[in-house]
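Participant: Shown below is the structure under consideration.
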Amino acid sequence: MRLTELKKNSNGKILALNTNNIFKERLLEVGFAKGTRIKFIFEFNSTFAYEIKNTIIALRKEDAQKILIEDDISCSNLK
Amino acid sequence: MQQFKIALIGNPNVGKSTIFNLLTNLRQHTGNWTGKTVISKRGKFKIGKYNFEVTDLPGTYSLKPKSKDEIVACNYILEENLDAIVIILDKNCIARNLLLALQIMRHKKNIILCLNFADETKNIFVDKNKLKKILNVPIVETSAKNNSGLNILRYEILKTCLGDYTSNKKLKLPPQTEKLSEIADIIENLTVKRKFKRKPKNLDCIITHKFFALPLMFSLLMVVFWITIFGANYFSDFLIKIFSYGEIFLRQLFVFFNASKFLNGMLIDGMYRTLAWVVAVMLPPMAIFFPLFTILEDFGLLPRIAFNLDGMFKKFGTHGKQSLTMCMGFGCNAAGIISCRIIDSKREKLIAILTNNFVPCNGRFPGLIILASMLVSGKFISLKTALIISMIIIFSIILTLIVSKILSQTILKGAPSFFILELPPYRKPKFSQILIRTLFDKTFFVLLRAIAVAIPAGIFIWLSANLKLGSLTIMQNLINFLEPLGKIMHLDGTILSAFLLGMPANEIVFPLIIMGYEKNCALTPIENFSNIKEILISNGWQLRTIISTIIFYLSHFPCTTTLLTIKKETGSFKWTAIAFILPVLLGFLLCILF
């Protein structure tokens with residue numbers, strides 16, 4: 001699923017970054033690596049704030065859509 | 001005596017500037033303005049007989065820079081011959097911060113890791129010995145807030161510089177960011193234990209609230225302006241008094257030396273009065289506005305403002321961070337333009353630079369207040385005036401957004417870039433440090449530049465008001481020449497000449513208008529408000545004149561300092577010319593249409 005589909009206050013795990021080089025590079029630098037846990041905390045006017053690696057990072061909706069995740073429920077189903 | 005060269009580097013929001021201030025005890029000088037530590041700062045400190053020169057670099061996420069302030073940091077770290085590099089990490093999020101550290105370790109040796117915010121992170125335990133073994137560098141925990149760990153840091157810097165760490169060498173690491181970030185995660189898992197999770201502060205619920213956010217931010221902005229304007233008023237009066245004593249003293253001195261009337265006029269009436277006016281009007285609001293701004297920044301509010309406004313700015317084809325450069329512009333447009341470096345995309349940065357001049361800076365506020373208070377009857381400063389000022393500010397913001405939109409659809413067309421913004425935790429600002437820091441970084445610097453332009457401008461203005469060209473003074477000639485154009489715009493020649501002659505510093509535009517009407521030979525201090533009103537009305541001012549003047553105040557050519565800054569930041573005459581022509585044309589158009 002896409003990162004934007006994550007419900008408020010729930011967690012997910014990053015699967016892939018579907019995006020170009022500079023943006024991808026920047027995402028990695030602020031902590032969006034594969035396998036990292038991410039939590040959606042709040043939004044304002046289609047800008048979203050996520051908690052990742054103990055910091056809050058804000059992304060635009062259309063940017064967040066490029067990030068693929070699996071949510072906690074599908075994680076537990078695998079186990 | 002030996003001198004060592006060291007540098008401080010780290011991600012944004014890791015408390016680097018505070019560590020730098022504590023290390024150097026504020027013995028520092030700034031190479032340039034800091035939008036947000038936008039260019040390197042240097043400082044000195046001493047341990048025993050050894051001298052250290054420290055450079056504080058702008059915060060950067062990686063050695064693969066994307067914005068201009070990051071390029072500054074990266075080039076410095078990679079190219080300078082440094083005796084020691086102190087990498088500052090936020091102890092709250094070591095894994096993410098380690099990425100930059102690992103990138104630097106690939107290229108450089110003599111590294112010291114400094115884990116900051118030890119006071120905030122009592123729940124996080126770092127196995128420093130293990131970390132030291134893995135990375136082969138000394139590790140220090142500091143708390144800038146309690147001033148702890150600083151001595152150990154100094155000791156480690158000294159040891160590193162003296163070459164005591166023979167094992168301190170470059171690490172063999174892969175270059176890909178992806179792999180490095182995996183390694184950083186593994187290192188954190190091996191060395192960091194979190195006892196319990198800290199509860200995040202719930203302030204974000206209010207500040208980014210669906211309905212409250214925008215009114216809250218706007219009222220906050222108003223409070224900042226209110227404190228600035230009212231506080232500055234008292235301070236300005238005080239300075240004007242001091243300067244008038246200075247003038248009396250200077251006159252006596254000139255009499256004593258038997259100086260000629262010409263010299264007397266040019267230097268005292270021209271140079272000294274203009275200088276005194278600029279300083280007395282400009283210094284107080286600067287000295288209040290910039291510290292307030294920095295308090296909001298250090299508290300963590302400014303990134304939230306950018307976050308809240310990004311949605312709106314996106315609709316106008318620009319970046320949310322432009323809201324911050326605009327806020328800075330309210331202090332000083334030149335400082336606002338430098339702060340545009342925080343915007344990554346070149347296209348969006350140019351839009352922010354070209355439109356920054358539409359928000360009125362501190363130098364323009366006094367004039368705008370006089371104009372606003374003319375629109376309401378009664379006292380000089382009242383609630384109604386404040387309301388009108390708020391409307392003027394809203395108008396300037398709308399103007400900025402509309403011009404941004406037009407630019408993004410025409411000469412600066414392009415796809416919107418991405419928006420990634422870190423929202424740091426709310427932190428209690430250190431007031432004493434802020435006061436000193438802003439005084440050094442911004443106020444002092446802006447003031448020096450203003451003085452540098454006020455001196456020649458003062459001489460020039462006096463000459464133009466006293467030297468005759470034909471039967472009239474140069475200024476009168478200029479006024480007559482501009483009169484027809486002024487009339488089309490519902491202004492007059494005097495007002496336009498004042499804007500033109502006031503180009504070196506917007507502070508003197510209003511005094512110049514009065515000077516033109518009164519046919520004085522020098523700037524006269526504005527003491528009595530009702531007096532001004534009478535002078536203006538007797539010179540044919542109407543409601544329309546006031547409104548047109550307000551419009552032209554917001555939308556005319558940038559001041560000399562701002563233009564020079566635009567040239568420096570864009571490196572192009574073309575964009576500087578556009579930055580000059582665009583607001584003038586718009587100002588003409590709006591004045592004529594209204």
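Residue numbering restarts at 1 in every chain; chains get A, B, ... in the order shown in the structure tokens, and ligands count up from 1 in that same order.
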Taking only C-alpha atoms into account and nothing else, which residues of chain B lie no more than 9 Å away from chain A? Please answer as JSON, numbers by chain.
Facilitator: {"B": [61, 62, 64, 66, 92, 93, 94, 95, 96, 97, 99, 100, 177, 178, 181, 182, 204, 205, 208, 209, 210, 213, 307, 308, 309, 310, 311, 312, 417, 418, 419, 420, 421, 422, 423, 424, 425]}
Participant: Grab the residues selected above and save them as a compact mmCIF listing (two decimals), in the first residue's frame with N, CA and C atoms.
Facilitator:
# COMPACT_ATOMS: atom_id res chain seq x y z
N TYR B 61 22.33 17.32 5.63
CA TYR B 61 21.93 15.94 5.85
C TYR B 61 22.94 14.95 5.29
N SER B 62 23.70 15.40 4.29
CA SER B 62 24.62 14.44 3.70
C SER B 62 25.75 15.17 2.98
N LYS B 64 26.20 14.72 -0.06
CA LYS B 64 25.74 14.92 -1.44
C LYS B 64 24.79 16.10 -1.40
N LYS B 66 22.35 19.37 -1.78
CA LYS B 66 21.25 19.70 -2.67
C LYS B 66 20.94 21.19 -2.68
N ASN B 92 18.90 11.78 20.23
CA ASN B 92 17.56 11.23 20.03
C ASN B 92 17.46 10.34 18.81
N CYS B 93 18.23 10.67 17.78
CA CYS B 93 18.10 9.89 16.55
C CYS B 93 19.48 9.65 15.96
N ILE B 94 20.20 8.76 16.63
CA ILE B 94 21.59 8.52 16.26
C ILE B 94 21.70 7.88 14.87
N ALA B 95 20.84 6.92 14.60
CA ALA B 95 20.98 6.20 13.32
C ALA B 95 20.93 7.16 12.15
N ARG B 96 19.96 8.06 12.16
CA ARG B 96 19.82 8.97 11.03
C ARG B 96 21.01 9.92 10.93
N ASN B 97 21.44 10.40 12.09
CA ASN B 97 22.57 11.33 12.10
C ASN B 97 23.89 10.65 11.74
N LEU B 99 24.47 8.68 9.39
CA LEU B 99 24.67 8.63 7.94
C LEU B 99 25.70 9.67 7.48
N LEU B 100 25.50 10.89 7.92
CA LEU B 100 26.44 11.96 7.56
C LEU B 100 27.82 11.65 8.14
N THR B 177 24.29 5.67 -0.48
CA THR B 177 23.54 6.15 0.68
C THR B 177 22.71 5.02 1.28
N GLU B 178 22.13 4.20 0.41
CA GLU B 178 21.27 3.12 0.87
C GLU B 178 22.03 2.18 1.82
N SER B 181 23.08 3.84 5.12
CA SER B 181 22.01 4.00 6.10
C SER B 181 21.68 2.67 6.76
N GLU B 182 21.87 1.56 6.01
CA GLU B 182 21.72 0.23 6.64
C GLU B 182 22.77 0.03 7.72
N ASP B 204 1.58 19.99 18.98
CA ASP B 204 1.32 19.94 17.54
C ASP B 204 -0.17 19.86 17.24
N CYS B 205 -0.93 19.24 18.18
CA CYS B 205 -2.38 19.15 17.99
C CYS B 205 -2.98 20.52 17.81
N THR B 208 -1.01 22.66 14.63
CA THR B 208 -1.38 22.23 13.27
C THR B 208 -2.86 21.86 13.23
N HIS B 209 -3.65 22.45 14.10
CA HIS B 209 -5.08 22.16 14.14
C HIS B 209 -5.77 22.67 12.88
N LYS B 210 -6.73 21.88 12.44
CA LYS B 210 -7.45 22.19 11.20
C LYS B 210 -7.98 23.63 11.17
N ALA B 213 -5.09 26.60 13.43
CA ALA B 213 -3.70 26.82 13.01
C ALA B 213 -3.49 28.19 12.37
N PHE B 307 5.23 24.22 7.47
CA PHE B 307 4.41 23.02 7.28
C PHE B 307 2.96 23.39 7.02
N ASN B 308 2.42 24.25 7.88
CA ASN B 308 1.02 24.64 7.74
C ASN B 308 0.74 25.37 6.44
N LEU B 309 1.71 26.15 5.99
CA LEU B 309 1.45 27.00 4.83
C LEU B 309 1.82 26.35 3.51
N ASP B 310 2.47 25.18 3.57
CA ASP B 310 2.94 24.59 2.33
C ASP B 310 1.80 24.31 1.36
N GLY B 311 0.69 23.83 1.87
CA GLY B 311 -0.45 23.53 1.01
C GLY B 311 -0.88 24.74 0.21
N MET B 312 -0.94 25.89 0.92
CA MET B 312 -1.35 27.12 0.26
C MET B 312 -0.29 27.58 -0.76
N SER B 417 8.76 21.12 -7.07
CA SER B 417 9.75 20.17 -6.56
C SER B 417 9.16 19.48 -5.34
N PHE B 418 9.96 18.66 -4.71
CA PHE B 418 9.45 17.92 -3.55
C PHE B 418 9.57 18.77 -2.28
N PHE B 419 8.89 18.34 -1.28
CA PHE B 419 8.89 19.06 -0.02
C PHE B 419 9.20 18.07 1.09
N ILE B 420 10.39 18.20 1.66
CA ILE B 420 10.72 17.39 2.84
C ILE B 420 11.15 18.35 3.92
N LEU B 421 10.50 18.30 5.05
CA LEU B 421 10.83 19.25 6.11
C LEU B 421 10.86 18.52 7.44
N GLU B 422 11.92 18.72 8.17
CA GLU B 422 11.99 18.12 9.50
C GLU B 422 11.31 19.05 10.49
N LEU B 423 10.46 18.49 11.35
CA LEU B 423 9.84 19.29 12.40
C LEU B 423 10.51 18.90 13.72
N PRO B 424 11.47 19.71 14.16
CA PRO B 424 12.21 19.33 15.35
C PRO B 424 11.33 19.41 16.60
N PRO B 425 11.70 18.69 17.66
CA PRO B 425 10.89 18.78 18.88
C PRO B 425 10.90 20.20 19.44
Participant: For a test of reading the model, state the distance in Å between CA of Ala386 in chain B and CA of Ser497 in chain B, rounded to one decimal.
Facilitator: 28.2 Å
Participant: DSSP says helix (DSSP H, G or I) for which residues of chain A? Put them as a PyMOL selection string?
Facilitator: chain A and resi 3-5+21-29+61-64+72-78
Participant: CA of Leu301 in chain B and CA of Lys346 in chain B, how far apart in Å?
Facilitator: 25.3 Å
Participant: As an mmCIF file with N, CA and C atoms, in the first residue's frame, please: the residues near Leu239 in chain B (cut-off 12 Å, only C-alpha atoms, same-chain neighbours under 4 positions excluded).
Facilitator:
data_model
loop_
_atom_site.group_PDB
_atom_site.id
_atom_site.type_symbol
_atom_site.label_atom_id
_atom_site.label_comp_id
_atom_site.auth_asym_id
_atom_site.auth_seq_id
_atom_site.Cartn_x
_atom_site.Cartn_y
_atom_site.Cartn_z
ATOM 1 N N ALA B 232 9.952 49.512 19.676
ATOM 2 C CA ALA B 232 10.909 50.304 18.901
ATOM 3 C C ALA B 232 10.629 51.798 19.020
ATOM 4 N N ASN B 233 9.357 52.137 19.178
ATOM 5 C CA ASN B 233 8.967 53.531 19.262
ATOM 6 C C ASN B 233 9.706 54.255 20.392
ATOM 7 N N TYR B 234 9.673 53.646 21.582
ATOM 8 C CA TYR B 234 10.328 54.262 22.740
ATOM 9 C C TYR B 234 11.823 54.370 22.527
ATOM 10 N N PHE B 235 12.373 53.259 22.052
ATOM 11 C CA PHE B 235 13.803 53.161 21.837
ATOM 12 C C PHE B 235 14.245 54.199 20.792
ATOM 13 N N PHE B 243 20.987 61.541 19.502
ATOM 14 C CA PHE B 243 21.590 62.070 18.276
ATOM 15 C C PHE B 243 21.468 63.591 18.182
ATOM 16 N N SER B 244 20.384 64.148 18.737
ATOM 17 C CA SER B 244 20.254 65.609 18.657
ATOM 18 C C SER B 244 21.273 66.288 19.593
ATOM 19 N N TYR B 245 21.579 65.633 20.719
ATOM 20 C CA TYR B 245 22.675 66.155 21.551
ATOM 21 C C TYR B 245 23.986 66.106 20.781
ATOM 22 N N GLY B 246 24.164 64.972 20.073
ATOM 23 C CA GLY B 246 25.366 64.807 19.263
ATOM 24 C C GLY B 246 25.491 65.914 18.228
ATOM 25 N N LEU B 275 22.333 59.856 8.630
ATOM 26 C CA LEU B 275 22.875 58.709 9.370
ATOM 27 C C LEU B 275 22.109 58.518 10.667
ATOM 28 N N ALA B 276 21.922 59.622 11.403
ATOM 29 C CA ALA B 276 21.229 59.548 12.684
ATOM 30 C C ALA B 276 19.809 59.032 12.480
ATOM 31 N N TRP B 277 19.160 59.520 11.412
ATOM 32 C CA TRP B 277 17.787 59.097 11.151
ATOM 33 C C TRP B 277 17.718 57.607 10.856
ATOM 34 N N VAL B 278 18.605 57.163 9.969
ATOM 35 C CA VAL B 278 18.584 55.748 9.591
ATOM 36 C C VAL B 278 18.833 54.866 10.810
ATOM 37 N N VAL B 279 19.832 55.222 11.599
ATOM 38 C CA VAL B 279 20.161 54.397 12.761
ATOM 39 C C VAL B 279 19.015 54.423 13.770
ATOM 40 N N ALA B 280 18.483 55.607 14.039
ATOM 41 C CA ALA B 280 17.441 55.719 15.061
ATOM 42 C C ALA B 280 16.161 55.013 14.652
ATOM 43 N N VAL B 281 15.881 54.976 13.351
ATOM 44 C CA VAL B 281 14.656 54.328 12.905
ATOM 45 C C VAL B 281 14.869 52.832 12.696
ATOM 46 N N MET B 282 16.053 52.465 12.256
ATOM 47 C CA MET B 282 16.279 51.081 11.860
ATOM 48 C C MET B 282 16.713 50.185 13.013
ATOM 49 N N LEU B 283 17.611 50.680 13.841
ATOM 50 C CA LEU B 283 18.191 49.832 14.889
ATOM 51 C C LEU B 283 17.148 49.262 15.854
ATOM 52 N N PRO B 284 16.256 50.090 16.429
ATOM 53 C CA PRO B 284 15.348 49.534 17.441
ATOM 54 C C PRO B 284 14.471 48.382 16.950
ATOM 55 N N PRO B 525 13.633 66.105 11.618
ATOM 56 C CA PRO B 525 13.071 65.020 12.395
ATOM 57 C C PRO B 525 11.547 65.159 12.504
#
Participant: Which residues in chain A does DSSP call strand (DSSP E)? List them as number ranges by chain.
Facilitator: A: 11-17, 37-44, 47-52, 55-60, 67-71
Participant: Give the answer as one residue: which of B:Thr494, B:Asn116, B:Ser538, B:Thr565 has the shortest atom-to-atom distance to Thr142 in chain B, using only C-alpha atoms?
Facilitator: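 So, comparing all the options, the nearest one is B:Asn116.
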Participant: In Å, how far is it from CA of Asn20 in chain A to CA of Arg347 in chain B?
Facilitator: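 Interatomic distance, CA of Asn20 in chain A to CA of Arg347 in chain B: 18.1 Å.
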Participant: Excluding Asp71 in chain A and residues on its chain fewer than 6 positions from it, collect all residues at most 7 Å away from it, counting only C-alpha atoms, and give them as a list of chain:residue names.
Facilitator: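 Answer for this query is A:Asn11, A:Gly12, A:Lys13.
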Participant: Skipping near chain neighbours, those fewer than 2 positions away, what residues fall within 10 Å of range 431-435 of chain B using only C-alpha atoms, listed as a ChimeraX atom specification?
Facilitator: /B:17-18,21-22,26,287-288,290-295,298,428-429,437-440
Participant: In terms of the shortest atom-to-atom distance over only C-alpha atoms, which of B:Ser143, B:Gln252, B:Thr355, B:Thr443 is closest to Trp575 in chain B?
Facilitator: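 Checking each candidate against Trp575 in chain B, we get B:Thr355 as the closest.
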